[in-house]
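*Asks:* Just dropping this structure here.
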Amino acid sequence: MRIPVVSNGGEVQLEDLFVKPEYRGKGYGKALIKKLAEITVERDCGRLEWYCLDWNQPSIDFYLSLGAKPLDEWTTFRLTGKTLTDLTK
């Protein structure tokens with residue numbers, strides 16, 4: 001399990017949470033998120049945020065079960081390949 005955390009003054013951002021399939025459903029993910037919530041409160045940050053792919057319904061259901069609220073105000077943009085290199089010219 002890899003959980004890099006970045007403190008941004010007012011928030012804690014979870015970069016990546018991955019629990020191996022054989023350990024899922026055993027409470028490990030919930031324990032990790034709970035610990036991050038404790039860190040967030042200890043640091044006097046107002047929120048804990050992370051991203052989840054919109055096709056990952058099992059994870060979405062898990063996060064919703066914790067009381068997390070999905071945000072729909074943001075759209076992710078990406079530049080790659082030729083479009084990325086063309087922009088540098």
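The way I read the labels, and the way they are meant: chains A, B, ... in the order of the structure tokens, residue 1 as the first residue of every chain, and ligand 1 as the first ligand shown, with later ones counted on from there.
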Using DSSP secondary structure from the backbone, list all alpha helix (DSSP H) positions within chain A, as a VMD selection string.

*Replies:* chain A and resid 28 to 42 57 to 65 81 to 87

*Asks:* How would the residues just picked look written out with N, CA and C atoms as a PDB file, in the first residue's frame?

*Replies:*
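The result, stored in selection-v6.pdb:
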```pdb
ATOM      1  N   TYR A  28      -8.809  -2.619   5.831  1.00  0.00           N
ATOM      2  CA  TYR A  28      -7.534  -1.913   5.712  1.00  0.00           C
ATOM      3  C   TYR A  28      -7.697  -0.536   5.071  1.00  0.00           C
ATOM      4  N   GLY A  29      -8.466  -0.476   3.997  1.00  0.00           N
ATOM      5  CA  GLY A  29      -8.683   0.810   3.331  1.00  0.00           C
ATOM      6  C   GLY A  29      -9.340   1.814   4.264  1.00  0.00           C
ATOM      7  N   LYS A  30     -10.348   1.370   4.982  1.00  0.00           N
ATOM      8  CA  LYS A  30     -11.035   2.258   5.921  1.00  0.00           C
ATOM      9  C   LYS A  30     -10.082   2.719   7.023  1.00  0.00           C
ATOM     10  N   ALA A  31      -9.249   1.821   7.520  1.00  0.00           N
ATOM     11  CA  ALA A  31      -8.284   2.189   8.559  1.00  0.00           C
ATOM     12  C   ALA A  31      -7.287   3.230   8.044  1.00  0.00           C
ATOM     13  N   LEU A  32      -6.860   3.079   6.791  1.00  0.00           N
ATOM     14  CA  LEU A  32      -5.914   4.039   6.214  1.00  0.00           C
ATOM     15  C   LEU A  32      -6.550   5.413   6.032  1.00  0.00           C
ATOM     16  N   ILE A  33      -7.772   5.443   5.518  1.00  0.00           N
ATOM     17  CA  ILE A  33      -8.465   6.721   5.342  1.00  0.00           C
ATOM     18  C   ILE A  33      -8.746   7.356   6.702  1.00  0.00           C
ATOM     19  N   LYS A  34      -9.112   6.542   7.690  1.00  0.00           N
ATOM     20  CA  LYS A  34      -9.353   7.059   9.038  1.00  0.00           C
ATOM     21  C   LYS A  34      -8.086   7.710   9.595  1.00  0.00           C
ATOM     22  N   LYS A  35      -6.932   7.066   9.420  1.00  0.00           N
ATOM     23  CA  LYS A  35      -5.670   7.641   9.888  1.00  0.00           C
ATOM     24  C   LYS A  35      -5.374   8.950   9.181  1.00  0.00           C
ATOM     25  N   LEU A  36      -5.623   8.998   7.883  1.00  0.00           N
ATOM     26  CA  LEU A  36      -5.416  10.251   7.150  1.00  0.00           C
ATOM     27  C   LEU A  36      -6.361  11.347   7.649  1.00  0.00           C
ATOM     28  N   ALA A  37      -7.577  10.977   8.001  1.00  0.00           N
ATOM     29  CA  ALA A  37      -8.512  11.954   8.573  1.00  0.00           C
ATOM     30  C   ALA A  37      -7.963  12.492   9.885  1.00  0.00           C
ATOM     31  N   GLU A  38      -7.388  11.611  10.706  1.00  0.00           N
ATOM     32  CA  GLU A  38      -6.781  12.041  11.967  1.00  0.00           C
ATOM     33  C   GLU A  38      -5.627  13.007  11.713  1.00  0.00           C
ATOM     34  N   ILE A  39      -4.772  12.693  10.736  1.00  0.00           N
ATOM     35  CA  ILE A  39      -3.650  13.570  10.379  1.00  0.00           C
ATOM     36  C   ILE A  39      -4.173  14.914   9.900  1.00  0.00           C
ATOM     37  N   THR A  40      -5.218  14.896   9.090  1.00  0.00           N
ATOM     38  CA  THR A  40      -5.816  16.125   8.573  1.00  0.00           C
ATOM     39  C   THR A  40      -6.283  17.015   9.714  1.00  0.00           C
ATOM     40  N   VAL A  41      -6.975  16.432  10.676  1.00  0.00           N
ATOM     41  CA  VAL A  41      -7.469  17.200  11.819  1.00  0.00           C
ATOM     42  C   VAL A  41      -6.306  17.685  12.689  1.00  0.00           C
ATOM     43  N   GLU A  42      -5.312  16.820  12.939  1.00  0.00           N
ATOM     44  CA  GLU A  42      -4.141  17.197  13.739  1.00  0.00           C
ATOM     45  C   GLU A  42      -3.396  18.384  13.130  1.00  0.00           C
ATOM     46  N   GLN A  57     -16.259   1.973  -9.950  1.00  0.00           N
ATOM     47  CA  GLN A  57     -17.441   1.977  -9.094  1.00  0.00           C
ATOM     48  C   GLN A  57     -17.227   1.353  -7.715  1.00  0.00           C
ATOM     49  N   PRO A  58     -16.454   0.260  -7.595  1.00  0.00           N
ATOM     50  CA  PRO A  58     -16.223  -0.274  -6.247  1.00  0.00           C
ATOM     51  C   PRO A  58     -15.564   0.746  -5.316  1.00  0.00           C
ATOM     52  N   SER A  59     -14.584   1.502  -5.841  1.00  0.00           N
ATOM     53  CA  SER A  59     -13.937   2.525  -5.022  1.00  0.00           C
ATOM     54  C   SER A  59     -14.893   3.673  -4.722  1.00  0.00           C
ATOM     55  N   ILE A  60     -15.657   4.085  -5.720  1.00  0.00           N
ATOM     56  CA  ILE A  60     -16.639   5.155  -5.509  1.00  0.00           C
ATOM     57  C   ILE A  60     -17.617   4.749  -4.416  1.00  0.00           C
ATOM     58  N   ASP A  61     -18.110   3.526  -4.469  1.00  0.00           N
ATOM     59  CA  ASP A  61     -19.042   3.048  -3.445  1.00  0.00           C
ATOM     60  C   ASP A  61     -18.389   3.045  -2.070  1.00  0.00           C
ATOM     61  N   PHE A  62     -17.130   2.634  -2.008  1.00  0.00           N
ATOM     62  CA  PHE A  62     -16.396   2.633  -0.743  1.00  0.00           C
ATOM     63  C   PHE A  62     -16.282   4.049  -0.184  1.00  0.00           C
ATOM     64  N   TYR A  63     -15.865   4.989  -1.027  1.00  0.00           N
ATOM     65  CA  TYR A  63     -15.706   6.374  -0.559  1.00  0.00           C
ATOM     66  C   TYR A  63     -17.037   6.977  -0.121  1.00  0.00           C
ATOM     67  N   LEU A  64     -18.083   6.698  -0.869  1.00  0.00           N
ATOM     68  CA  LEU A  64     -19.418   7.181  -0.476  1.00  0.00           C
ATOM     69  C   LEU A  64     -19.829   6.593   0.871  1.00  0.00           C
ATOM     70  N   SER A  65     -19.474   5.330   1.121  1.00  0.00           N
ATOM     71  CA  SER A  65     -19.832   4.695   2.396  1.00  0.00           C
ATOM     72  C   SER A  65     -19.132   5.356   3.576  1.00  0.00           C
ATOM     73  N   GLY A  81       1.887  13.631 -25.900  1.00  0.00           N
ATOM     74  CA  GLY A  81       2.372  13.348 -27.248  1.00  0.00           C
ATOM     75  C   GLY A  81       2.624  14.575 -28.097  1.00  0.00           C
ATOM     76  N   LYS A  82       2.179  14.515 -29.336  1.00  0.00           N
ATOM     77  CA  LYS A  82       2.422  15.580 -30.313  1.00  0.00           C
ATOM     78  C   LYS A  82       1.791  16.897 -29.874  1.00  0.00           C
ATOM     79  N   THR A  83       0.618  16.833 -29.294  1.00  0.00           N
ATOM     80  CA  THR A  83      -0.030  18.059 -28.839  1.00  0.00           C
ATOM     81  C   THR A  83       0.832  18.758 -27.790  1.00  0.00           C
ATOM     82  N   LEU A  84       1.411  17.988 -26.876  1.00  0.00           N
ATOM     83  CA  LEU A  84       2.276  18.538 -25.846  1.00  0.00           C
ATOM     84  C   LEU A  84       3.523  19.160 -26.449  1.00  0.00           C
ATOM     85  N   THR A  85       4.199  18.419 -27.333  1.00  0.00           N
ATOM     86  CA  THR A  85       5.425  18.953 -27.928  1.00  0.00           C
ATOM     87  C   THR A  85       5.142  20.121 -28.861  1.00  0.00           C
ATOM     88  N   ASP A  86       4.026  20.087 -29.579  1.00  0.00           N
ATOM     89  CA  ASP A  86       3.677  21.213 -30.452  1.00  0.00           C
ATOM     90  C   ASP A  86       3.481  22.495 -29.655  1.00  0.00           C
ATOM     91  N   LEU A  87       2.975  22.376 -28.469  1.00  0.00           N
ATOM     92  CA  LEU A  87       2.740  23.571 -27.647  1.00  0.00           C
ATOM     93  C   LEU A  87       4.041  24.245 -27.247  1.00  0.00           C
TER      94      LEU A  87
END
```

*Asks:* Which parts of chain A does DSSP call strand (DSSP E) when run on the backbone here, written out as a list in words?

*Replies:*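 Here are the strand (DSSP E) residues of chain A: Val5, Val6, Ser7, Glu11, Val12, Gln13, Leu14, Arg47, Leu48, Glu49 and Trp50 of chain A.
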
*Asks:* Of the residues A:Thr88, A:Phe18, A:Glu11, A:Thr75, which is the one nearest to Arg43 in chain A, using only C-alpha atoms?

*Replies:* A:Glu11

*Asks:* Hey, which of A:Thr80, A:Tyr23, A:Gly10, A:Leu17 ends up closest to Tyr51 in chain A? Count only C-alpha atoms.

*Replies:* A:Leu17
